[in-house]
Amino acid sequence: MTVIPEHVRAQLKARFELRLTGPVDLTLYTRPGSSRLILPAGLGCATCEDARQMAELLRDAAPEKVTLDVVDTSRDQGRADADQVNDVPTMALGVDGESGRIRFQGLPTGTEFPALIDAIERVSRAEHSLNAVSLAELAKLKEPTEVMVFATPT
Amino acid sequence: MSLANRIALASPQVRAVCVEANEFPRLSAEFGVRGVPHTVVNRGGAFVGALPERDFVAAVLEGAGIPVDEGPGPGGPSTELGG
């Protein structure tokens, strides 16, 4: 495993054991990899294999709580379309089989990795920690709303 | 990005997508990403930088076309809503 070192895996397992209280459904939308080769848009996927290994490690850190569904979009584009996934790798977090509304597009390393762990824990605990004023404001949303946050690993 | 995820957890209307900007350069260019975090609501209004909860929620509402009726909102030098 090149993405997450052994000591981090051990930390993750211990942390999940303490913090995960409910199920988390992890869906990884992927495509056959192209190693590290950068191919023209639409061909191959330079980080899909790493993303798959990361997703498996997350599941293996708490297999009784975290489920993993891997969708190969080259074989099941219909599923990607239905779930409105445009690019791979995309990792989606949800519960009860719903199409996950918390998504990480690209390999979440560096500063994005803690955000992924935080998101898994929050989904598991159904814990958004927003204040009452924010919740009242968000209740005004009556249509699907997409919030994209561009970030970098460093 | 944590705040966007928390909002998605709280509101069934919201989907939060954290995009690794370096890995999707065309998408980053399409939305004019020059610094991070760069947040785009409904592929329209955008703001750069971390905002406190109240301002972030206001920016999401404004990006979704819902009037924000109190306070200074998400203003400030790093905000470019409606862009």
# chains A, B, ... in the order shown; residues from 1 in each chain; ligands from 1
>>> select_by_dssp(residues="chain B", states="strand (DSSP E)", output="PDB file with C-alpha atoms, in the first residue's frame")
ATOM      1  CA  VAL B  14     -26.987  19.773  -0.590  1.00  0.00           C
ATOM      2  CA  ARG B  15     -24.278  17.765  -2.265  1.00  0.00           C
ATOM      3  CA  ALA B  16     -20.689  18.585  -1.299  1.00  0.00           C
ATOM      4  CA  VAL B  17     -17.930  17.703  -3.734  1.00  0.00           C
ATOM      5  CA  CYS B  18     -14.312  18.146  -2.718  1.00  0.00           C
ATOM      6  CA  VAL B  19     -12.275  18.344  -5.909  1.00  0.00           C
ATOM      7  CA  GLU B  20      -8.527  17.746  -5.952  1.00  0.00           C
ATOM      8  CA  HIS B  38     -12.097  27.782  -3.808  1.00  0.00           C
ATOM      9  CA  THR B  39     -15.796  27.114  -3.335  1.00  0.00           C
ATOM     10  CA  VAL B  40     -18.341  27.135  -6.159  1.00  0.00           C
ATOM     11  CA  VAL B  41     -22.094  26.974  -5.549  1.00  0.00           C
ATOM     12  CA  ALA B  46     -17.723  31.414  -6.000  1.00  0.00           C
ATOM     13  CA  PHE B  47     -15.638  32.502  -3.060  1.00  0.00           C
ATOM     14  CA  VAL B  48     -12.039  31.926  -2.092  1.00  0.00           C
ATOM     15  CA  THR B  79     -15.327  36.922  -1.746  1.00  0.00           C
ATOM     16  CA  GLU B  80     -16.468  37.133  -5.327  1.00  0.00           C
TER      17      GLU B  80
END
>>> interface_residues(of="chain B", to="chain A", cutoff="10 Å", atoms="only C-alpha atoms", output="ChimeraX atom specification")
/B:1-24,26-28,31,33-44,46-48,53-58,60-61,63-68
>>> select_by_dssp(residues="region 48-97 of chain A", states="alpha helix (DSSP H)", output="VMD selection string")
chain A and resid 48 to 61 77 to 82
>>> write_last_selection(atoms="C-alpha atoms", output="compact mmCIF listing (two decimals), in the first residue's frame")
# COMPACT_ATOMS: atom_id res chain seq x y z
CA CYS A 48 -7.87 5.12 -9.55
CA GLU A 49 -5.77 2.23 -8.30
CA ASP A 50 -4.48 4.28 -5.36
CA ALA A 51 -8.03 5.42 -4.64
CA ARG A 52 -9.23 1.81 -4.65
CA GLN A 53 -6.50 0.82 -2.20
CA MET A 54 -7.37 3.79 0.02
CA ALA A 55 -11.07 2.90 -0.03
CA GLU A 56 -10.28 -0.72 0.86
CA LEU A 57 -8.11 0.41 3.76
CA LEU A 58 -10.90 2.62 5.05
CA ARG A 59 -13.31 -0.30 4.90
CA ASP A 60 -10.80 -2.67 6.47
CA ALA A 61 -10.23 -0.25 9.35
CA GLN A 77 -21.70 4.14 -17.05
CA GLY A 78 -25.43 4.01 -16.34
CA ARG A 79 -24.78 3.89 -12.60
CA ALA A 80 -22.37 6.83 -12.85
CA ASP A 81 -24.94 8.80 -14.82
CA ALA A 82 -27.72 7.94 -12.39
>>> decode(residues="region 21-35 of chain B", atoms="N, CA and C atoms", output="compact mmCIF listing (two decimals), in the first residue's frame")
# COMPACT_ATOMS: atom_id res chain seq x y z
N ALA B 21 -7.80 19.83 -6.93
CA ALA B 21 -7.65 20.80 -8.02
C ALA B 21 -6.54 20.42 -9.01
N ASN B 22 -5.45 19.89 -8.51
CA ASN B 22 -4.32 19.55 -9.40
C ASN B 22 -4.65 18.39 -10.32
N GLU B 23 -5.53 17.52 -9.85
CA GLU B 23 -5.84 16.31 -10.61
C GLU B 23 -6.85 16.59 -11.73
N PHE B 24 -7.57 17.68 -11.60
CA PHE B 24 -8.58 18.03 -12.61
C PHE B 24 -8.33 19.45 -13.10
N PRO B 25 -7.24 19.64 -13.82
CA PRO B 25 -6.85 21.00 -14.22
C PRO B 25 -7.87 21.69 -15.12
N ARG B 26 -8.53 20.90 -15.96
CA ARG B 26 -9.52 21.55 -16.85
C ARG B 26 -10.71 22.08 -16.06
N LEU B 27 -11.13 21.28 -15.07
CA LEU B 27 -12.24 21.72 -14.22
C LEU B 27 -11.82 22.94 -13.40
N SER B 28 -10.59 22.89 -12.90
CA SER B 28 -10.07 24.03 -12.12
C SER B 28 -10.02 25.28 -12.99
N ALA B 29 -9.58 25.12 -14.23
CA ALA B 29 -9.50 26.27 -15.13
C ALA B 29 -10.89 26.79 -15.45
N GLU B 30 -11.83 25.86 -15.64
CA GLU B 30 -13.21 26.25 -15.98
C GLU B 30 -13.80 27.16 -14.90
N PHE B 31 -13.44 26.90 -13.64
CA PHE B 31 -14.00 27.69 -12.54
C PHE B 31 -13.03 28.73 -12.01
N GLY B 32 -11.95 28.95 -12.76
CA GLY B 32 -11.03 30.03 -12.41
C GLY B 32 -10.32 29.85 -11.09
N VAL B 33 -9.99 28.61 -10.77
CA VAL B 33 -9.33 28.35 -9.49
C VAL B 33 -7.88 28.83 -9.53
N ARG B 34 -7.56 29.79 -8.64
CA ARG B 34 -6.18 30.28 -8.55
C ARG B 34 -5.64 30.14 -7.13
N GLY B 35 -6.56 29.92 -6.19
CA GLY B 35 -6.16 29.68 -4.81
C GLY B 35 -7.16 28.73 -4.18
